[in-house]
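S.K.: What follows is work-v5.cif; its format and atoms are mmCIF, C-alpha atoms.
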```
data_structure
#
loop_
_atom_site.label_atom_id
_atom_site.label_comp_id
_atom_site.auth_asym_id
_atom_site.auth_seq_id
_atom_site.Cartn_x
_atom_site.Cartn_y
_atom_site.Cartn_z
CA MET A 1 240.12 100.89 174.20
CA ARG A 2 237.29 99.36 172.16
CA PRO A 3 234.89 101.69 170.31
CA ASN A 4 231.52 102.14 171.93
CA ARG A 5 229.32 100.64 169.27
CA PHE A 6 226.38 100.15 171.63
CA GLN A 7 226.01 103.90 172.16
CA THR A 8 225.79 104.52 168.40
CA GLU A 9 223.13 101.84 167.95
CA ASP A 10 221.07 103.23 170.86
CA ASP A 11 221.27 106.80 169.47
CA SER A 12 220.11 105.67 166.03
CA ALA A 13 217.22 103.70 167.56
CA GLN A 14 216.18 106.70 169.66
CA ASP A 15 216.33 109.03 166.64
CA SER A 16 214.16 106.60 164.66
CA PHE A 17 211.60 106.47 167.47
CA LEU A 18 211.48 110.29 167.69
CA ASP A 19 210.99 110.45 163.92
CA VAL A 20 208.02 108.07 164.19
CA ILE A 21 206.48 110.22 166.94
CA ALA A 22 206.95 113.39 164.87
CA ASN A 23 205.32 111.72 161.86
CA VAL A 24 202.32 110.63 163.96
CA VAL A 25 201.87 114.20 165.30
CA GLY A 26 202.07 115.58 161.76
CA VAL A 27 199.44 113.16 160.46
CA LEU A 28 197.07 114.05 163.32
CA ILE A 29 197.50 117.80 162.68
CA ILE A 30 196.78 117.31 158.96
CA LEU A 31 193.62 115.32 159.75
CA VAL A 32 192.39 118.02 162.13
CA MET A 33 193.02 120.71 159.51
CA LEU A 34 191.16 118.72 156.83
CA VAL A 35 188.12 118.23 159.09
CA GLY A 36 188.14 121.93 160.01
CA VAL A 37 188.38 123.09 156.39
CA ARG A 38 185.62 120.72 155.36
CA ALA A 39 183.29 121.94 158.11
CA SER A 40 184.07 125.63 157.43
CA HIS A 41 183.37 125.22 153.70
CA ARG A 42 180.00 123.67 154.38
CA PHE A 43 179.17 126.33 156.94
CA LEU A 44 180.05 129.17 154.49
CA ALA A 45 178.04 127.53 151.72
CA ALA A 46 175.05 127.34 154.02
CA ASP A 47 175.39 131.05 154.97
CA ALA A 48 175.82 132.19 151.35
CA GLY A 49 172.77 130.27 150.14
CA PRO A 50 170.07 132.91 150.79
CA THR A 51 172.04 135.79 149.07
CA ALA A 52 171.96 133.98 145.78
CA LYS A 53 168.78 133.55 143.84
CA PRO A 54 167.96 129.94 144.41
CA SER A 55 164.86 128.28 143.22
CA THR A 56 161.85 127.74 145.44
CA VAL A 57 162.84 124.11 146.04
CA GLU A 58 166.40 125.06 147.13
CA LEU A 59 165.11 127.72 149.55
CA ALA A 60 162.69 125.23 151.02
CA ASP A 61 165.48 122.64 151.43
CA PHE A 62 167.82 125.16 153.03
CA GLN A 63 165.21 126.35 155.46
CA ASP A 64 164.55 122.82 156.40
CA SER A 65 165.68 121.89 159.91
CA ASN A 66 167.76 119.01 158.57
CA ALA A 67 170.37 121.47 157.24
CA ILE A 68 170.72 123.06 160.67
CA GLN A 69 171.10 119.63 162.24
CA ASP A 70 173.82 118.72 159.73
CA ILE A 71 175.72 121.90 160.54
CA ALA A 72 175.48 121.13 164.27
CA ALA A 73 176.66 117.58 163.65
CA TYR A 74 179.66 118.84 161.67
CA ARG A 75 180.54 121.23 164.47
CA GLN A 76 180.37 118.39 166.97
CA GLU A 77 182.64 116.31 164.78
CA LEU A 78 185.07 119.21 164.55
CA ASP A 79 185.07 119.68 168.33
CA ALA A 80 185.58 115.95 168.87
CA ALA A 81 188.47 115.94 166.40
CA LYS A 82 190.04 118.90 168.17
CA GLN A 83 189.72 117.17 171.54
CA LEU A 84 191.22 113.99 170.09
CA ALA A 85 194.12 115.95 168.65
CA ILE A 86 194.74 117.72 171.96
CA SER A 87 194.65 114.47 173.95
CA SER A 88 196.88 112.72 171.40
CA GLN A 89 199.33 115.60 171.51
CA SER A 90 199.50 115.47 175.30
CA ALA A 91 200.01 111.69 175.22
CA ILE A 92 202.74 112.06 172.60
CA GLN A 93 204.44 114.71 174.71
CA LYS A 94 204.41 112.40 177.70
CA MET A 95 205.88 109.62 175.59
CA ALA A 96 208.53 111.97 174.23
CA VAL A 97 209.48 113.04 177.76
CA GLN A 98 209.69 109.38 178.80
CA VAL A 99 211.83 108.54 175.79
CA ILE A 100 214.18 111.44 176.54
CA ARG A 101 214.46 110.34 180.17
CA ILE A 102 215.18 106.76 179.16
CA SER A 103 217.78 107.92 176.64
CA HIS A 104 219.51 110.01 179.32
CA GLU A 105 219.53 107.01 181.68
CA ALA A 106 220.94 104.81 178.91
CA LYS A 107 223.69 107.35 178.24
CA GLU A 108 224.52 107.48 181.95
CA ARG A 109 224.69 103.69 182.11
CA ASP A 110 226.93 103.61 179.04
CA GLN A 111 229.19 106.22 180.59
CA GLN A 112 229.42 104.24 183.83
CA ARG A 113 230.14 101.08 181.85
CA ASN A 114 232.91 102.80 179.95
CA GLU A 115 234.41 104.18 183.14
CA LEU A 116 234.36 100.74 184.74
CA ALA A 117 235.99 99.26 181.66
CA LEU A 118 238.72 101.92 181.82
CA HIS A 119 239.31 101.24 185.52
CA ARG A 120 239.47 97.51 184.88
CA ALA A 121 241.92 97.95 182.04
CA ALA A 122 244.09 100.22 184.20
CA ILE A 123 244.06 97.75 187.07
CA GLU A 124 244.92 94.84 184.77
CA ASP A 125 247.80 96.83 183.30
CA HIS A 126 249.04 97.66 186.78
CA ILE A 127 248.82 94.00 187.82
CA GLU A 128 250.68 92.93 184.70
CA GLU A 129 253.41 95.49 185.37
CA ARG A 130 253.82 94.21 188.92
CA ARG A 131 253.99 90.65 187.65
CA GLU A 132 256.66 91.52 185.10
CA SER A 133 258.76 93.08 187.84
CA LEU A 134 258.92 89.75 189.71
CA ASP A 135 261.25 86.87 189.04
CA SER A 136 260.06 83.53 187.64
CA VAL A 137 259.41 81.94 191.04
CA ARG A 138 257.44 84.91 192.29
CA GLN A 139 255.53 85.04 189.02
CA ARG A 140 254.38 81.44 189.48
CA GLU A 141 253.32 82.18 193.04
CA PHE A 142 251.52 85.29 191.82
CA ASP A 143 249.68 83.30 189.16
CA VAL A 144 248.63 80.67 191.69
CA GLN A 145 247.32 83.31 194.07
CA ARG A 146 245.46 85.00 191.25
CA GLN A 147 243.83 81.72 190.22
CA LEU A 148 242.85 81.04 193.82
CA LEU A 149 241.27 84.48 194.07
CA GLU A 150 239.32 84.02 190.85
CA SER A 151 238.15 80.60 192.03
CA GLN A 152 237.06 82.09 195.35
CA ILE A 153 235.07 84.78 193.54
CA LYS A 154 233.43 82.12 191.35
CA LEU A 155 232.63 80.04 194.44
CA ASP A 156 231.01 83.03 196.13
CA GLU A 157 228.84 83.61 193.07
CA LEU A 158 227.76 79.97 192.99
CA THR A 159 227.01 80.09 196.73
CA ARG A 160 224.77 83.12 196.26
CA GLU A 161 222.96 81.38 193.41
CA GLN A 162 222.49 78.27 195.55
CA LEU A 163 221.08 80.32 198.42
CA ALA A 164 218.72 82.11 196.05
CA LEU A 165 217.52 78.80 194.61
CA SER A 166 217.05 77.23 198.04
CA SER A 167 215.02 80.20 199.30
CA ALA A 168 212.84 80.28 196.16
CA PRO A 169 209.56 78.33 196.24
CA GLN A 170 210.10 74.80 195.01
CA ARG A 171 207.99 73.30 192.26
CA THR A 172 206.87 69.80 193.11
CA GLU A 173 205.66 67.34 190.52
CA GLU A 174 203.44 64.53 191.73
CA ILE A 175 203.93 61.13 190.11
CA GLU A 176 201.21 58.61 190.71
CA CYS A 177 202.35 55.00 191.06
CA VAL A 178 199.88 52.20 190.49
CA PRO A 179 200.39 48.52 191.34
CA THR A 180 201.32 46.09 188.60
CA PRO A 181 200.53 42.58 189.88
CA LEU A 182 201.12 39.38 187.98
CA ALA A 183 198.66 38.67 185.20
CA LYS A 184 196.24 35.75 185.49
CA THR A 185 194.18 34.23 182.69
CA VAL A 186 190.45 34.82 183.01
CA GLU A 187 188.81 31.41 183.26
CA ASP A 188 185.56 32.07 185.15
CA ALA A 189 182.67 34.45 184.47
CA ALA A 190 183.80 38.06 184.31
CA ILE A 191 182.30 41.53 184.20
CA HIS A 192 182.67 42.95 180.71
CA LEU A 193 182.77 46.72 180.19
CA ARG A 194 182.98 48.69 176.96
CA ILE A 195 184.49 52.22 176.71
CA LYS A 196 183.94 54.01 173.43
CA ASP A 197 183.70 57.75 172.72
CA GLY A 198 184.26 58.36 176.45
CA LEU A 199 181.14 56.36 177.42
CA VAL A 200 181.25 53.21 179.54
CA SER A 201 178.59 50.51 179.49
CA ILE A 202 178.10 46.99 180.85
CA VAL A 203 178.26 44.30 178.15
CA PRO A 204 176.08 41.25 179.00
CA LEU A 205 178.44 38.88 177.21
CA GLU A 206 177.87 35.90 179.52
CA GLU A 207 174.07 36.25 179.30
CA LEU A 208 174.10 36.45 175.49
CA LEU A 209 176.46 33.49 175.08
CA GLY A 210 174.36 31.48 177.53
CA GLN A 211 171.26 31.83 175.33
CA ILE A 212 173.04 30.03 172.48
CA GLU A 213 172.71 26.71 174.34
CA TYR A 214 168.94 26.84 173.91
CA ARG A 215 169.28 27.16 170.12
CA VAL A 216 171.91 24.48 169.40
CA GLU A 217 169.42 21.89 168.16
CA ASP A 218 167.74 24.39 165.84
CA ILE A 219 171.09 25.50 164.43
CA LEU A 220 172.18 21.88 163.78
CA ARG A 221 168.90 21.13 162.04
CA ARG A 222 169.31 24.16 159.77
CA LEU A 223 172.91 23.18 158.98
CA GLN A 224 171.74 19.93 157.39
CA SER A 225 170.42 21.87 154.41
CA ARG A 226 172.85 24.79 154.26
CA ASN A 227 176.50 25.57 154.95
CA GLU A 228 176.02 28.77 156.96
CA VAL A 229 173.64 29.75 159.74
CA VAL A 230 173.43 33.24 161.24
CA GLU A 231 171.48 33.64 164.45
CA THR A 232 170.74 36.93 166.22
CA ILE A 233 170.09 36.94 169.97
CA GLY A 234 168.88 39.82 172.07
CA PRO A 235 168.80 42.66 172.68
CA VAL A 236 169.90 42.46 176.31
CA ASP A 237 170.84 45.73 178.08
CA GLY A 238 171.32 47.45 174.73
CA TYR A 239 173.43 44.72 173.04
CA ARG A 240 172.72 41.96 170.52
CA LEU A 241 174.74 38.85 169.73
CA ARG A 242 175.20 37.78 166.11
CA PHE A 243 176.21 34.10 166.12
CA THR A 244 177.56 32.61 162.87
CA VAL A 245 178.23 28.90 162.20
CA LEU A 246 180.00 27.74 159.01
CA LYS A 247 180.05 24.11 157.83
CA ARG A 248 182.83 23.00 155.53
CA ASN A 249 184.46 19.75 154.47
CA SER A 250 188.07 19.35 155.51
CA GLY A 251 188.83 16.24 153.42
CA ALA A 252 188.10 12.52 153.22
CA ILE A 253 188.34 10.29 156.26
CA GLY A 254 191.15 7.73 156.03
CA GLY A 255 190.75 3.95 156.39
CA PRO A 256 188.81 1.36 154.39
CA LEU A 257 186.13 3.87 153.46
CA VAL A 258 188.49 6.32 151.77
CA GLY A 259 186.68 8.72 149.48
CA GLN A 260 183.25 7.66 150.72
CA ARG A 261 182.88 9.93 153.76
CA GLN A 262 183.97 13.53 154.28
CA LYS A 263 185.09 15.09 157.54
CA VAL A 264 182.83 18.01 158.45
CA VAL A 265 184.23 20.96 160.43
CA PHE A 266 182.11 23.66 162.06
CA GLU A 267 183.54 27.17 162.48
CA GLN A 268 181.88 29.38 165.04
CA ASN A 269 182.23 33.08 165.83
CA ALA A 270 180.11 35.65 167.63
CA GLN A 271 179.99 39.43 167.54
CA ILE A 272 178.47 41.75 170.14
CA LEU A 273 176.63 44.62 168.43
CA PRO A 274 175.30 47.69 170.29
CA THR A 275 171.76 48.78 169.53
CA SER A 276 172.75 52.49 169.42
CA VAL A 277 175.88 54.54 168.82
CA ASP A 278 175.82 56.54 172.07
CA ILE A 279 175.17 53.65 174.40
CA GLY A 280 176.63 54.05 177.89
CA GLN A 281 177.33 56.82 180.38
CA ASN A 282 180.15 59.24 181.11
CA VAL A 283 182.87 57.51 183.16
CA GLU A 284 182.84 60.06 185.99
CA GLN A 285 179.07 59.92 186.26
CA ALA A 286 179.03 56.11 186.03
CA LEU A 287 181.39 55.85 189.05
CA MET A 288 179.19 58.02 191.29
CA PRO A 289 177.09 56.34 194.00
CA GLY A 290 173.65 55.51 192.66
CA ALA A 291 174.78 55.00 189.06
CA ALA A 292 174.05 51.66 187.40
CA LEU A 293 177.72 50.73 186.91
CA TYR A 294 178.70 51.68 190.46
CA GLU A 295 175.85 49.70 191.97
CA HIS A 296 176.67 46.68 189.76
CA LEU A 297 180.32 46.75 190.87
CA LEU A 298 179.30 47.20 194.48
CA ALA A 299 177.03 44.14 194.29
CA LYS A 300 179.85 42.03 192.80
CA GLN A 301 182.59 43.36 195.11
CA ARG A 302 182.46 40.46 197.56
CA GLN A 303 182.80 37.88 194.79
CA HIS A 304 185.70 39.80 193.19
CA PRO A 305 185.20 38.55 189.63
CA PRO A 306 187.71 39.79 187.05
CA VAL A 307 186.73 42.81 184.98
CA VAL A 308 187.44 42.80 181.23
CA VAL A 309 187.45 46.26 179.66
CA TRP A 310 187.02 46.45 175.88
CA LEU A 311 188.83 49.75 175.34
CA TYR A 312 188.68 51.73 172.10
CA THR A 313 191.63 53.93 171.17
CA ASP A 314 189.62 57.17 171.52
CA SER A 315 188.98 56.69 175.26
CA PHE A 316 192.37 56.15 176.91
CA GLU A 317 191.99 59.31 179.03
CA GLN A 318 188.58 58.19 180.35
CA PHE A 319 190.00 54.75 181.15
CA ARG A 320 192.36 56.08 183.85
CA PRO A 321 189.75 56.97 186.52
CA LEU A 322 187.91 53.70 185.85
CA LYS A 323 191.10 51.68 186.29
CA ARG A 324 191.90 53.50 189.54
CA LYS A 325 188.41 52.89 190.90
CA LEU A 326 188.46 49.19 190.01
CA TRP A 327 191.78 48.70 191.80
CA GLU A 328 190.49 50.59 194.83
CA MET A 329 187.49 48.25 194.98
CA GLY A 330 189.75 45.18 194.72
CA PHE A 331 188.88 43.97 191.21
CA SER A 332 191.44 42.39 188.92
CA LEU A 333 191.52 44.06 185.53
CA ALA A 334 192.07 42.85 181.96
CA THR A 335 192.22 45.28 179.05
CA ARG A 336 191.40 44.42 175.45
CA PRO A 337 192.32 47.29 173.06
CA MET A 338 189.90 47.78 170.17
CA ARG A 339 190.46 49.51 166.84
CA PRO A 340 187.80 51.91 165.53
CA GLY A 341 185.17 50.16 163.44
CA THR A 342 185.57 46.76 165.12
CA HIS A 343 183.15 44.95 167.46
CA ILE A 344 183.56 42.76 170.51
CA GLY A 345 183.96 39.18 169.37
CA ALA A 346 184.16 35.64 170.72
CA SER A 347 185.42 32.49 169.07
CA PRO A 348 186.71 29.05 170.12
CA ASN A 349 189.98 29.94 168.36
CA GLY A 350 190.34 33.32 170.11
CA THR A 351 192.67 34.27 172.95
CA LYS A 352 191.69 34.53 176.59
CA SER A 353 192.06 37.74 178.58
CA ALA A 354 194.73 38.14 181.25
CA ALA A 355 193.64 40.05 184.37
CA GLN A 356 195.92 41.84 186.81
#
```
As structure tokens, what does this structure read like?
M.R.:
Amino acid sequence: MRPNRFQTEDDSAQDSFLDVIANVVGVLIILVMLVGVRASHRFLAADAGPTAKPSTVELADFQDSNAIQDIAAYRQELDAAKQLAISSQSAIQKMAVQVIRISHEAKERDQQRNELALHRAAIEDHIEERRESLDSVRQREFDVQRQLLESQIKLDELTREQLALSSAPQRTEEIECVPTPLAKTVEDAAIHLRIKDGLVSIVPLEELLGQIEYRVEDILRRLQSRNEVVETIGPVDGYRLRFTVLKRNSGAIGGPLVGQRQKVVFEQNAQILPTSVDIGQNVEQALMPGAALYEHLLAKQRQHPPVVVWLYTDSFEQFRPLKRKLWEMGFSLATRPMRPGTHIGASPNGTKSAAQ
């Protein structure tokens, strides 16, 4: 029989808990005694004051009503401390009774566990004796029957667990599936949206680029005397366009006039700059009926132009409801991820968006 080490550990834990309770009671009693002694000393000093021969100032101070109020306050503190000690003592007694009851229940459970272990050991010894009394063939049959019985017991336990799991409330997890159509390059005019810091706004990219055509002649004239021209257009709906043209020589033109004429190349790029940092509206508010973005999408819904979303990395969560709403309204969507600190740009050498 194995030694009952669990009972020894439980007894030591219970003794330690009772020691802690006794220490707490002792500390409370000492505190109550200290408060009582302090109050009694002050009360006796106040009573013995007139018998001595104090000075006129001391008699006046003692007869002052403040001394009487201090004595009354000390008595109230003493009474409150006594009440606290009494209530703490009653609570500790209840806890001690509960600990004793729990310890008795633990001892009873340990005793029952030991008795069951003894019965099991006796039964196993009896089964082993019966097995030894059989011949080799009967022993094999006995072992097979025993394995079958153990398997049946294990099967019953698994069946009970399965029934318990089937009767328990099931947790369902909803997975939203969204369509993923084939991508198509955006060739025609599109609706451009910008999402940054959780705010969505309409970018008038087509309108700003269209105004460059009216300034081509002026830009070419200015390039005759300089190699770089920077033109600012706007603002339109809170955005400006900064258009830059660079003129550089790419080398001499071949043929009979080698070295006499240079080939001139113009490099163009444009950046869309917002007029303020917090431009735009919250995505949920922008998708409500009556909002500027919702009304703009509703007006363009019949034409079904592609929507290009310039998405900054800090607004992926806000992009989900916008994407769902655009697909519900039948728009094809192209996403252009943007790093923090960068601006929307356009260039003849850039890549086109692919809408789905």
S.K.: Could you tell me which of A:Leu333, A:Leu193, A:Met338, A:Ala22 comes closest to Gln281 in chain A if we count only C-alpha atoms?
M.R.: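 When distances to Gln281 in chain A are compared using only C-alpha atoms, the smallest one comes from A:Leu193.
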S.K.: So that I can see what lies close to range 200-213 of chain A, please list as an MDAnalysis selection string the residues with an atom at most 8 Å from it, counting all atoms listed in the file and leaving out residues fewer than 4 positions away in the same chain.
M.R.: chainID A and resid 189:196 233:234 236:237 239:241 272 279:283 286 293
S.K.: In file coordinates, which residues lie within 12 Å of (180.6, 40.0, 192.7) using all atoms listed in the file, given as a ChimeraX atom specification?
M.R.: /A:189-191,295-307,329-332
S.K.: Do you know which residues are at most 10 Å from Gly345 in chain A counting all atoms listed in the file, after dropping those on the same chain fewer than 5 positions away, and could you put them as a PyMOL selection string?
M.R.: chain A and resi 205+241-243+269-273+350
S.K.: Can you tell me which residues surround Met95 in chain A at a distance of at most 12 Å, considering only C-alpha atoms, apart from same-chain residues fewer than 2 positions away, and format the answer as a PyMOL selection string?
M.R.: chain A and resi 17-18+20-22+25+88-93+97-102
S.K.: Would you mind reading off the distance between CA of Thr275 in chain A and CA of Pro337 in chain A, one decimal, in Å?
M.R.: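 Interatomic distance, CA of Thr275 in chain A to CA of Pro337 in chain A: 20.9 Å.
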S.K.: Just give me the gap between CA of Val245 in chain A and CA of Pro348 in chain A in Å, one decimal is fine.
M.R.: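 Between CA of Val245 in chain A and CA of Pro348 in chain A the gap works out to 11.6 Å.
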S.K.: Run the PyMOL selection byres ((chain A and resi 77) around 12) on the file and write out the hits as a count of residues only.
M.R.: 21
S.K.: Quick one, how far is CA of Gly26 in chain A from CA of Ser103 in chain A?
M.R.: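 It comes out at 23.0 Å.
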S.K.: Let me make sure I understand: among A:Ser136, A:Gln285, A:Gln224, A:Gln162, which one has the smallest atom-to-atom distance to Val264 in chain A if we use all atoms listed in the file?
M.R.: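 So, comparing all the options, the nearest one is A:Gln224.
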S.K.: List, as an MDAnalysis selection string, every residue that the PyMOL selection byres ((chain A and resi 248) around 9) selects in the file provided.
M.R.: chainID A and resid 227 246:247 249:250 263:267
